[in-house]
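The structure file target_34.cif is reproduced below (mmCIF, C-alpha atoms).
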```cif
data_run
#
loop_
_atom_site.group_PDB
_atom_site.id
_atom_site.type_symbol
_atom_site.label_atom_id
_atom_site.label_comp_id
_atom_site.auth_asym_id
_atom_site.auth_seq_id
_atom_site.Cartn_x
_atom_site.Cartn_y
_atom_site.Cartn_z
ATOM 1 C CA MET A 142 117.134 65.269 104.077
ATOM 2 C CA PHE A 143 116.595 68.946 104.982
ATOM 3 C CA ILE A 144 114.435 71.064 102.708
ATOM 4 C CA ASN A 145 115.400 74.711 102.921
ATOM 5 C CA GLU A 146 113.083 77.383 101.548
ATOM 6 C CA TYR A 147 113.145 77.393 97.750
ATOM 7 C CA VAL A 148 110.924 77.679 94.695
ATOM 8 C CA LEU A 149 110.143 75.237 91.934
ATOM 9 C CA GLY A 150 108.482 76.420 88.722
ATOM 10 C CA ALA A 151 109.042 79.636 86.862
ATOM 11 C CA SER A 152 105.824 80.302 85.018
ATOM 12 C CA PRO A 153 104.759 83.881 85.846
ATOM 13 C CA GLU A 154 101.169 83.083 84.931
ATOM 14 C CA LYS A 155 100.802 80.518 87.688
ATOM 15 C CA CYS A 156 99.514 81.438 91.126
ATOM 16 C CA LYS A 157 101.978 80.963 93.970
ATOM 17 C CA ILE A 158 101.448 78.580 96.880
ATOM 18 C CA LEU A 159 103.649 78.326 99.954
ATOM 19 C CA LEU A 160 103.752 74.931 101.711
ATOM 20 C CA VAL A 161 104.713 75.131 105.387
ATOM 21 C CA ASP A 162 105.366 71.949 107.357
ATOM 22 C CA ASP A 163 108.205 70.685 109.534
ATOM 23 C CA GLN A 164 107.742 67.155 108.152
ATOM 24 C CA VAL A 165 109.431 66.529 104.789
ATOM 25 C CA VAL A 166 107.029 63.771 103.798
ATOM 26 C CA ASN A 167 104.006 66.100 104.103
ATOM 27 C CA ILE A 168 105.643 68.742 101.916
ATOM 28 C CA LYS A 169 106.502 66.108 99.323
ATOM 29 C CA ILE A 170 102.898 64.879 99.177
ATOM 30 C CA LEU A 171 101.463 68.385 98.690
ATOM 31 C CA HIS A 172 104.171 69.385 96.242
ATOM 32 C CA GLN A 173 103.517 66.365 94.051
ATOM 33 C CA LEU A 174 99.799 67.050 94.171
ATOM 34 C CA LEU A 175 99.968 70.766 93.255
ATOM 35 C CA GLN A 176 103.162 71.308 91.240
ATOM 36 C CA ASP A 177 101.558 71.007 87.799
ATOM 37 C CA ASP A 178 99.081 73.820 88.423
ATOM 38 C CA TYR A 179 100.925 76.269 90.682
ATOM 39 C CA ASP A 180 104.355 77.679 91.462
ATOM 40 C CA ILE A 181 105.283 75.951 94.690
ATOM 41 C CA TYR A 182 107.383 77.498 97.464
ATOM 42 C CA MET A 183 108.373 75.653 100.625
ATOM 43 C CA ALA A 184 109.312 76.408 104.228
ATOM 44 C CA ARG A 185 110.159 74.082 107.105
ATOM 45 C CA ASP A 186 109.279 76.334 110.053
ATOM 46 C CA GLY A 187 107.296 79.390 111.014
ATOM 47 C CA HIS A 188 110.150 81.881 110.727
ATOM 48 C CA GLN A 189 110.970 80.705 107.203
ATOM 49 C CA ALA A 190 107.279 80.925 106.313
ATOM 50 C CA ILE A 191 107.007 84.560 107.419
ATOM 51 C CA ASP A 192 110.202 85.438 105.564
ATOM 52 C CA MET A 193 108.968 83.747 102.376
ATOM 53 C CA CYS A 194 105.604 85.510 102.559
ATOM 54 C CA ASN A 195 107.353 88.875 102.695
ATOM 55 C CA LYS A 196 109.703 87.984 99.834
ATOM 56 C CA VAL A 197 107.432 86.265 97.306
ATOM 57 C CA LYS A 198 103.864 87.237 98.329
ATOM 58 C CA PRO A 199 102.205 83.853 97.723
ATOM 59 C CA ASP A 200 98.524 83.802 96.802
ATOM 60 C CA LEU A 201 97.879 80.991 99.265
ATOM 61 C CA VAL A 202 99.658 79.393 102.228
ATOM 62 C CA LEU A 203 99.026 75.771 103.219
ATOM 63 C CA LEU A 204 100.082 75.951 106.847
ATOM 64 C CA ASP A 205 100.645 73.075 109.260
ATOM 65 C CA ILE A 206 99.354 73.840 112.766
ATOM 66 C CA GLU A 207 101.761 71.703 114.804
ATOM 67 C CA MET A 208 105.293 73.050 114.376
ATOM 68 C CA PRO A 209 108.089 73.774 116.876
ATOM 69 C CA VAL A 210 109.010 77.313 117.975
ATOM 70 C CA LEU A 211 106.276 79.082 115.955
ATOM 71 C CA ASN A 212 103.157 77.009 115.397
ATOM 72 C CA GLY A 213 100.703 77.608 112.582
ATOM 73 C CA PHE A 214 98.452 79.836 114.681
ATOM 74 C CA ASP A 215 101.413 82.067 115.586
ATOM 75 C CA VAL A 216 102.406 82.347 111.918
ATOM 76 C CA CYS A 217 98.862 83.152 110.784
ATOM 77 C CA GLU A 218 98.458 85.810 113.459
ATOM 78 C CA HIS A 219 101.737 87.421 112.404
ATOM 79 C CA LEU A 220 100.748 87.423 108.717
ATOM 80 C CA LYS A 221 97.341 88.947 109.393
ATOM 81 C CA ASN A 222 98.809 91.694 111.601
ATOM 82 C CA ASP A 223 101.333 92.773 108.952
ATOM 83 C CA PRO A 224 99.924 95.083 106.216
ATOM 84 C CA ASN A 225 102.436 93.568 103.812
ATOM 85 C CA THR A 226 101.015 90.039 104.197
ATOM 86 C CA GLN A 227 97.511 90.420 105.598
ATOM 87 C CA ASP A 228 95.792 89.694 102.262
ATOM 88 C CA ILE A 229 97.498 86.313 101.773
ATOM 89 C CA ALA A 230 94.954 83.480 102.060
ATOM 90 C CA VAL A 231 95.758 80.803 104.652
ATOM 91 C CA ILE A 232 94.509 77.211 104.744
ATOM 92 C CA PHE A 233 95.459 75.267 107.872
ATOM 93 C CA ILE A 234 96.628 71.676 107.616
ATOM 94 C CA SER A 235 95.692 69.635 110.689
ATOM 95 C CA GLY A 236 96.311 66.046 111.713
ATOM 96 C CA HIS A 237 93.183 65.944 113.878
ATOM 97 C CA PHE A 238 89.664 67.294 113.730
ATOM 98 C CA ASP A 239 89.351 69.676 116.663
ATOM 99 C CA GLU A 240 86.430 72.073 116.646
ATOM 100 C CA ASP A 241 88.056 74.497 119.094
ATOM 101 C CA LYS A 242 91.187 74.711 116.945
ATOM 102 C CA GLU A 243 89.125 75.342 113.825
ATOM 103 C CA VAL A 244 87.226 78.133 115.581
ATOM 104 C CA LYS A 245 90.534 79.663 116.672
ATOM 105 C CA GLY A 246 91.945 79.348 113.140
ATOM 106 C CA PHE A 247 88.986 81.049 111.504
ATOM 107 C CA LYS A 248 89.088 83.848 114.101
ATOM 108 C CA LEU A 249 92.742 84.421 113.210
ATOM 109 C CA GLY A 250 91.775 84.854 109.548
ATOM 110 C CA ALA A 251 92.180 81.405 107.967
ATOM 111 C CA VAL A 252 89.913 80.654 105.007
ATOM 112 C CA ASP A 253 89.713 76.858 105.323
ATOM 113 C CA PHE A 254 91.028 73.675 106.959
ATOM 114 C CA ILE A 255 92.383 70.518 105.337
ATOM 115 C CA HIS A 256 92.780 67.381 107.424
ATOM 116 C CA LYS A 257 95.466 64.712 107.277
ATOM 117 C CA PRO A 258 95.803 62.190 105.788
ATOM 118 C CA ILE A 259 95.616 64.314 102.639
ATOM 119 C CA ASN A 260 92.736 63.453 100.310
ATOM 120 C CA PRO A 261 93.963 64.470 96.823
ATOM 121 C CA VAL A 262 90.529 65.273 95.362
ATOM 122 C CA ILE A 263 89.341 67.313 98.352
ATOM 123 C CA THR A 264 92.659 69.129 98.717
ATOM 124 C CA LYS A 265 92.913 70.133 95.043
ATOM 125 C CA ALA A 266 89.275 71.292 95.038
ATOM 126 C CA ARG A 267 89.679 73.428 98.151
ATOM 127 C CA VAL A 268 92.910 74.936 96.921
ATOM 128 C CA LYS A 269 91.368 75.688 93.524
ATOM 129 C CA ASN A 270 88.331 77.328 95.151
ATOM 130 C CA GLN A 271 90.469 79.555 97.366
ATOM 131 C CA ILE A 272 92.764 80.556 94.515
ATOM 132 C CA LYS A 273 89.702 81.495 92.457
ATOM 133 C CA LEU A 274 88.255 83.542 95.333
ATOM 134 C CA LYS A 275 91.612 85.227 95.915
ATOM 135 C CA SER A 276 91.918 86.130 92.212
ATOM 136 C CA GLN A 277 88.401 87.600 92.173
ATOM 137 C CA SER A 278 89.092 89.517 95.367
ATOM 138 C CA ASP A 279 92.365 90.872 93.975
ATOM 139 C CA LEU A 280 90.607 92.001 90.795
ATOM 140 C CA LEU A 281 87.879 93.822 92.720
ATOM 141 C CA ARG A 282 90.464 95.366 95.021
ATOM 142 C CA SER A 283 92.557 96.585 92.091
ATOM 143 C CA ILE A 284 89.505 98.206 90.491
ATOM 144 C CA ALA A 285 88.573 99.854 93.793
ATOM 145 C CA LEU A 286 92.114 101.199 94.195
ATOM 146 C CA LEU A 287 92.373 102.934 90.812
ATOM 147 C CA ASP A 288 91.502 106.549 90.110
ATOM 148 C CA GLY A 289 88.607 106.466 87.658
ATOM 149 C CA LEU A 290 89.713 109.514 85.669
ATOM 150 C CA THR A 291 93.471 109.043 85.288
ATOM 151 C CA GLY A 292 93.934 105.278 85.658
ATOM 152 C CA VAL A 293 96.744 105.577 88.229
ATOM 153 C CA ALA A 294 96.354 104.527 91.854
ATOM 154 C CA ASN A 295 93.856 106.496 93.914
ATOM 155 C CA ARG A 296 94.217 108.136 97.345
ATOM 156 C CA ARG A 297 92.963 105.034 99.125
ATOM 157 C CA ASN A 298 95.582 102.902 97.386
ATOM 158 C CA PHE A 299 98.282 105.360 98.394
ATOM 159 C CA GLU A 300 97.139 105.277 102.019
ATOM 160 C CA GLN A 301 97.375 101.478 102.025
ATOM 161 C CA VAL A 302 100.761 101.260 100.302
ATOM 162 C CA LEU A 303 102.568 103.954 102.323
ATOM 163 C CA PRO A 304 102.658 102.082 105.682
ATOM 164 C CA VAL A 305 103.670 98.868 103.892
ATOM 165 C CA SER A 306 106.575 100.625 102.142
ATOM 166 C CA TRP A 307 107.516 102.313 105.419
ATOM 167 C CA LEU A 308 107.717 98.994 107.306
ATOM 168 C CA GLN A 309 109.565 97.338 104.432
ATOM 169 C CA CYS A 310 112.233 100.055 104.464
ATOM 170 C CA CYS A 311 112.410 99.773 108.269
ATOM 171 C CA ARG A 312 113.145 96.061 107.982
ATOM 172 C CA GLU A 313 115.679 96.502 105.189
ATOM 173 C CA GLN A 314 117.169 99.701 106.674
ATOM 174 C CA GLN A 315 116.731 101.457 103.351
ATOM 175 C CA PRO A 316 115.691 105.074 102.630
ATOM 176 C CA LEU A 317 112.157 105.929 101.570
ATOM 177 C CA THR A 318 111.471 108.872 99.272
ATOM 178 C CA MET A 319 108.196 110.636 98.561
ATOM 179 C CA ILE A 320 107.487 113.056 95.723
ATOM 180 C CA LEU A 321 104.471 115.381 95.849
ATOM 181 C CA LEU A 322 103.520 116.963 92.527
ATOM 182 C CA ASP A 323 101.118 119.762 91.675
ATOM 183 C CA ILE A 324 100.162 120.972 88.188
ATOM 184 C CA ASP A 325 100.948 124.688 88.037
ATOM 185 C CA PHE A 326 97.999 127.072 87.719
ATOM 186 C CA PHE A 327 95.568 124.259 86.944
ATOM 187 C CA LYS A 328 92.542 126.280 88.036
ATOM 188 C CA LEU A 329 93.457 128.848 85.377
ATOM 189 C CA TYR A 330 93.781 125.982 82.881
ATOM 190 C CA ASN A 331 90.229 124.844 83.632
ATOM 191 C CA ASP A 332 88.940 128.404 83.494
ATOM 192 C CA THR A 333 90.571 128.902 80.093
ATOM 193 C CA TYR A 334 89.922 125.591 78.346
ATOM 194 C CA GLY A 335 87.030 124.064 80.302
ATOM 195 C CA HIS A 336 86.809 121.041 82.607
ATOM 196 C CA THR A 337 86.611 118.518 79.768
ATOM 197 C CA GLU A 338 89.995 119.623 78.475
ATOM 198 C CA GLY A 339 91.147 119.763 82.089
ATOM 199 C CA ASP A 340 90.308 116.078 82.455
ATOM 200 C CA VAL A 341 92.268 115.279 79.294
ATOM 201 C CA CYS A 342 95.224 117.199 80.703
ATOM 202 C CA LEU A 343 95.068 115.281 83.993
ATOM 203 C CA ARG A 344 95.066 111.954 82.152
ATOM 204 C CA LEU A 345 98.057 112.930 80.005
ATOM 205 C CA VAL A 346 100.030 114.167 83.002
ATOM 206 C CA ALA A 347 99.190 111.085 85.078
ATOM 207 C CA GLN A 348 100.285 108.745 82.291
ATOM 208 C CA LYS A 349 103.550 110.626 81.798
ATOM 209 C CA ILE A 350 104.313 110.420 85.526
ATOM 210 C CA GLN A 351 103.504 106.697 85.484
ATOM 211 C CA ASP A 352 105.774 106.152 82.476
ATOM 212 C CA THR A 353 108.607 107.953 84.250
ATOM 213 C CA VAL A 354 108.252 106.152 87.584
ATOM 214 C CA ASN A 355 108.362 102.621 86.257
ATOM 215 C CA ARG A 356 109.918 100.340 88.881
ATOM 216 C CA PRO A 357 107.403 97.633 89.885
ATOM 217 C CA TYR A 358 107.578 98.445 93.600
ATOM 218 C CA ASP A 359 107.145 102.226 93.175
ATOM 219 C CA LEU A 360 103.690 103.793 93.352
ATOM 220 C CA VAL A 361 102.175 106.707 91.458
ATOM 221 C CA ALA A 362 98.831 107.910 92.813
ATOM 222 C CA ARG A 363 96.452 110.775 92.302
ATOM 223 C CA TYR A 364 96.521 112.517 95.662
ATOM 224 C CA GLY A 365 93.608 114.840 94.973
ATOM 225 C CA GLY A 366 92.524 117.326 92.314
ATOM 226 C CA GLU A 367 95.629 118.198 90.287
ATOM 227 C CA GLU A 368 98.046 116.720 92.847
ATOM 228 C CA PHE A 369 99.943 113.451 92.443
ATOM 229 C CA VAL A 370 102.218 111.541 94.776
ATOM 230 C CA CYS A 371 104.999 109.002 94.226
ATOM 231 C CA ILE A 372 106.325 106.505 96.776
ATOM 232 C CA LEU A 373 109.870 105.368 96.008
ATOM 233 C CA PRO A 374 111.182 102.681 98.399
ATOM 234 C CA ASN A 375 114.931 102.012 98.577
ATOM 235 C CA THR A 376 115.596 105.441 97.050
ATOM 236 C CA ASP A 377 117.855 108.145 98.485
ATOM 237 C CA LEU A 378 117.433 111.889 98.061
ATOM 238 C CA VAL A 379 119.721 112.051 95.013
ATOM 239 C CA GLY A 380 117.731 109.337 93.260
ATOM 240 C CA GLY A 381 114.390 110.817 94.276
ATOM 241 C CA THR A 382 115.349 114.304 93.139
ATOM 242 C CA TYR A 383 116.548 112.895 89.819
ATOM 243 C CA VAL A 384 113.216 111.124 89.269
ATOM 244 C CA ALA A 385 111.284 114.253 90.218
ATOM 245 C CA GLN A 386 113.302 116.347 87.753
ATOM 246 C CA GLN A 387 112.627 113.764 85.040
ATOM 247 C CA ILE A 388 108.909 114.114 85.749
ATOM 248 C CA VAL A 389 109.037 117.908 85.641
ATOM 249 C CA ASP A 390 110.936 117.843 82.336
ATOM 250 C CA SER A 391 108.657 115.208 80.840
ATOM 251 C CA ILE A 392 105.532 117.271 81.538
ATOM 252 C CA VAL A 393 107.044 120.226 79.678
ATOM 253 C CA SER A 394 107.875 117.867 76.793
ATOM 254 C CA LEU A 395 104.162 117.091 76.388
ATOM 255 C CA LYS A 396 103.737 120.684 75.150
ATOM 256 C CA ILE A 397 100.157 120.987 76.387
ATOM 257 C CA ALA A 398 99.225 124.611 75.652
ATOM 258 C CA HIS A 399 98.501 126.743 78.745
ATOM 259 C CA GLU A 400 98.166 130.371 77.693
ATOM 260 C CA SER A 401 97.019 131.430 81.178
ATOM 261 C CA SER A 402 100.059 130.040 82.977
ATOM 262 C CA LYS A 403 102.332 132.574 84.638
ATOM 263 C CA VAL A 404 105.500 130.496 84.184
ATOM 264 C CA SER A 405 105.278 128.957 80.702
ATOM 265 C CA SER A 406 103.187 128.744 77.567
ATOM 266 C CA TYR A 407 102.838 125.026 78.294
ATOM 267 C CA VAL A 408 101.507 123.015 81.228
ATOM 268 C CA THR A 409 104.170 122.596 83.919
ATOM 269 C CA ILE A 410 104.380 120.839 87.264
ATOM 270 C CA SER A 411 106.107 121.549 90.583
ATOM 271 C CA ALA A 412 107.637 118.855 92.800
ATOM 272 C CA GLY A 413 108.524 118.512 96.479
ATOM 273 C CA VAL A 414 110.799 115.648 97.511
ATOM 274 C CA ALA A 415 111.427 114.282 100.997
ATOM 275 C CA THR A 416 113.662 111.357 101.944
ATOM 276 C CA VAL A 417 113.955 109.605 105.312
ATOM 277 C CA MET A 418 115.369 106.486 106.912
ATOM 278 C CA PRO A 419 112.123 105.156 108.423
ATOM 279 C CA THR A 420 111.825 103.968 112.008
ATOM 280 C CA ARG A 421 108.947 102.128 113.616
ATOM 281 C CA ASN A 422 108.273 104.781 116.251
ATOM 282 C CA VAL A 423 107.337 107.459 113.698
ATOM 283 C CA SER A 424 104.158 107.615 111.616
ATOM 284 C CA ALA A 425 104.671 107.319 107.866
ATOM 285 C CA ASN A 426 102.179 110.168 107.401
ATOM 286 C CA MET A 427 104.776 112.598 108.683
ATOM 287 C CA LEU A 428 106.705 112.079 105.431
ATOM 288 C CA ILE A 429 103.743 113.532 103.525
ATOM 289 C CA GLU A 430 104.021 116.762 105.490
ATOM 290 C CA ALA A 431 107.764 116.947 104.829
ATOM 291 C CA ALA A 432 107.255 116.513 101.071
ATOM 292 C CA ASP A 433 104.381 118.998 101.108
ATOM 293 C CA LYS A 434 106.664 121.569 102.727
ATOM 294 C CA GLN A 435 109.163 121.140 99.888
ATOM 295 C CA LEU A 436 106.368 121.430 97.304
ATOM 296 C CA TYR A 437 105.204 124.670 98.911
ATOM 297 C CA LEU A 438 108.733 126.059 98.671
ATOM 298 C CA ALA A 439 109.050 124.948 95.025
ATOM 299 C CA LYS A 440 105.881 126.824 94.143
ATOM 300 C CA LYS A 441 106.918 129.850 96.177
ATOM 301 C CA ARG A 442 110.252 130.017 94.343
ATOM 302 C CA GLY A 443 108.708 130.142 90.884
ATOM 303 C CA ARG A 444 107.104 126.727 90.133
ATOM 304 C CA ASN A 445 108.102 124.331 87.349
ATOM 305 C CA ARG A 446 110.938 123.106 89.561
ATOM 306 C CA VAL A 447 112.023 120.519 92.125
ATOM 307 C CA LEU A 448 112.977 121.117 95.734
ATOM 308 C CA GLY A 449 113.940 118.318 98.096
ATOM 309 C CA ALA A 450 115.247 117.634 101.568
ATOM 310 C CA GLN A 451 116.719 114.811 103.615
ATOM 311 C CA VAL A 452 114.831 114.651 106.892
ATOM 312 C CA SER A 453 115.454 112.669 110.048
ATOM 313 C CA THR A 454 112.727 110.880 111.978
ATOM 314 C CA ALA A 455 113.330 113.365 114.794
ATOM 315 C CA GLU A 456 112.496 116.191 112.382
ATOM 316 C CA LEU A 457 109.432 114.343 111.154
ATOM 317 C CA ILE A 458 107.987 114.264 114.645
ATOM 318 C CA THR A 459 108.011 118.060 114.766
ATOM 319 C CA VAL A 460 107.311 118.863 111.067
#
```
Any chance you could put this one into structure tokens?
Amino acid sequence: MFINEYVLGASPEKCKILLVDDQVVNIKILHQLLQDDYDIYMARDGHQAIDMCNKVKPDLVLLDIEMPVLNGFDVCEHLKNDPNTQDIAVIFISGHFDEDKEVKGFKLGAVDFIHKPINPVITKARVKNQIKLKSQSDLLRSIALLDGLTGVANRRNFEQVLPVSWLQCCREQQPLTMILLDIDFFKLYNDTYGHTEGDVCLRLVAQKIQDTVNRPYDLVARYGGEEFVCILPNTDLVGGTYVAQQIVDSIVSLKIAHESSKVSSYVTISAGVATVMPTRNVSANMLIEAADKQLYLAKKRGRNRVLGAQVSTAELITV
């Protein structure tokens, strides 16, 4: 019997565990032990394991060390060197107690070791402990990555997500679009209405942008001050420009009074859009500069509008 990679269990509330072992009997034992409490995914070799981690983002990987082609150490090293998978917890499964191997495993980023033959009580306890630690860590990380005023992602979150989205689009050969947004004449808004009302305005604008950009793999972040940024993977220039125009229109629809604005009696926003087919030899940060250039032009041409451009990686190098 050959077990290809697949998932059993559909409860979205359950944490996800990936079992990786080239021996069917070992996968069966662990699956039977853990299936009632977790969504279980399976892989028979290292390449399948890496692919599954990128597709389903398990909370924990139970990883056999001794496997052909890519052994467990190779898989763990790959996962920890990829921003898209580096936060996945790894527990090594080993048939022998070997202190040198355990030292190597921990240095690679593993969180624990479980030894064969599998002891059900010990295994369930160690898995439960790591899942609990991972959940707590994820909660703290999510709090640390939110902007305290607006509730959307903060600059640090954006800086972590951008390279991940870039590499993902490289792998899938899909376009990546960035939208930079700036509230028009916001300094005049603060001067007119005060910083307390300015904070209220920022929260309303941030929420409206978040409501408009609502795909689960998109990101809306506060870039700084009255600037916001959106990362839209798998989105071409037409799609990105459409989203940006929706944002611009939605901000006007809020009808937040701005008597000091030079373009409208309401708060408005300007948007710069840049789209690229990412390549690994170009820094993702170059896309920020390309979008910022389009934002500058949008403001120069009257604000409360969208300007966008398709750029090549060759252009990005010299932007």
Q: Could you give me, as a count of residues only, the residues within 12 Å of stretch 436-444 of chain A, counting only C-alpha atoms and dropping anything in the same chain fewer than 5 positions from it?
A: 30
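Shortest atom-to-atom contact with A:Gln348 among A:Lys198, A:Arg363, A:Lys273, A:His336: A:Arg363, counting only C-alpha atoms.
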Q) What is the atom CA of A:Ile397 to atom CA of A:Asn298 distance in Å? A)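 It comes out at 28.1 Å.
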Determine, using only C-alpha atoms, which residues of stretch 236-353 of chain A have any atom at most 12 Å from an atom of stretch 155-165 of chain A, and tabulate each with its shortest atom pair and distance in Å to one decimal place, rows ordered by chain and then rising number, as a Markdown table.
```
| residue | atom | partner | partner_atom | distance |
| --- | --- | --- | --- | --- |
| A:Gly236 | CA | A:Asp162 | CA | 11.7 |
| A:Val268 | CA | A:Ile158 | CA | 9.3 |
| A:Lys269 | CA | A:Cys156 | CA | 10.3 |
| A:Gln271 | CA | A:Ile158 | CA | 11.0 |
| A:Ile272 | CA | A:Cys156 | CA | 7.6 |
| A:Lys273 | CA | A:Cys156 | CA | 9.9 |
| A:Lys275 | CA | A:Cys156 | CA | 10.0 |
| A:Ser276 | CA | A:Cys156 | CA | 9.0 |
```
Suppose a student applies the PyMOL selection byres ((chain A and resi 287) around 12) to this structure; what residues should they get, written as a PDB file with C-alpha atoms, keeping the file's coordinate frame?
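Final output, selection-v5.pdb:
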```
ATOM      1  CA  LEU A 280      90.607  92.001  90.795  1.00  0.00           C
ATOM      2  CA  LEU A 281      87.879  93.822  92.720  1.00  0.00           C
ATOM      3  CA  ARG A 282      90.464  95.366  95.021  1.00  0.00           C
ATOM      4  CA  SER A 283      92.557  96.585  92.091  1.00  0.00           C
ATOM      5  CA  ILE A 284      89.505  98.206  90.491  1.00  0.00           C
ATOM      6  CA  ALA A 285      88.573  99.854  93.793  1.00  0.00           C
ATOM      7  CA  LEU A 286      92.114 101.199  94.195  1.00  0.00           C
ATOM      8  CA  ASP A 288      91.502 106.549  90.110  1.00  0.00           C
ATOM      9  CA  GLY A 289      88.607 106.466  87.658  1.00  0.00           C
ATOM     10  CA  LEU A 290      89.713 109.514  85.669  1.00  0.00           C
ATOM     11  CA  THR A 291      93.471 109.043  85.288  1.00  0.00           C
ATOM     12  CA  GLY A 292      93.934 105.278  85.658  1.00  0.00           C
ATOM     13  CA  VAL A 293      96.744 105.577  88.229  1.00  0.00           C
ATOM     14  CA  ALA A 294      96.354 104.527  91.854  1.00  0.00           C
ATOM     15  CA  ASN A 295      93.856 106.496  93.914  1.00  0.00           C
ATOM     16  CA  ARG A 296      94.217 108.136  97.345  1.00  0.00           C
ATOM     17  CA  ARG A 297      92.963 105.034  99.125  1.00  0.00           C
ATOM     18  CA  ASN A 298      95.582 102.902  97.386  1.00  0.00           C
ATOM     19  CA  PHE A 299      98.282 105.360  98.394  1.00  0.00           C
ATOM     20  CA  LEU A 360     103.690 103.793  93.352  1.00  0.00           C
ATOM     21  CA  VAL A 361     102.175 106.707  91.458  1.00  0.00           C
ATOM     22  CA  ALA A 362      98.831 107.910  92.813  1.00  0.00           C
ATOM     23  CA  ARG A 363      96.452 110.775  92.302  1.00  0.00           C
ATOM     24  CA  TYR A 364      96.521 112.517  95.662  1.00  0.00           C
TER      25      TYR A 364
END
```
Q. Could you spell out the hits of the PyMOL selection byres ((chain A and resi 254) around 7) on the shown file, as a ChimeraX atom specification?
A. /A:232-234,253,255-256
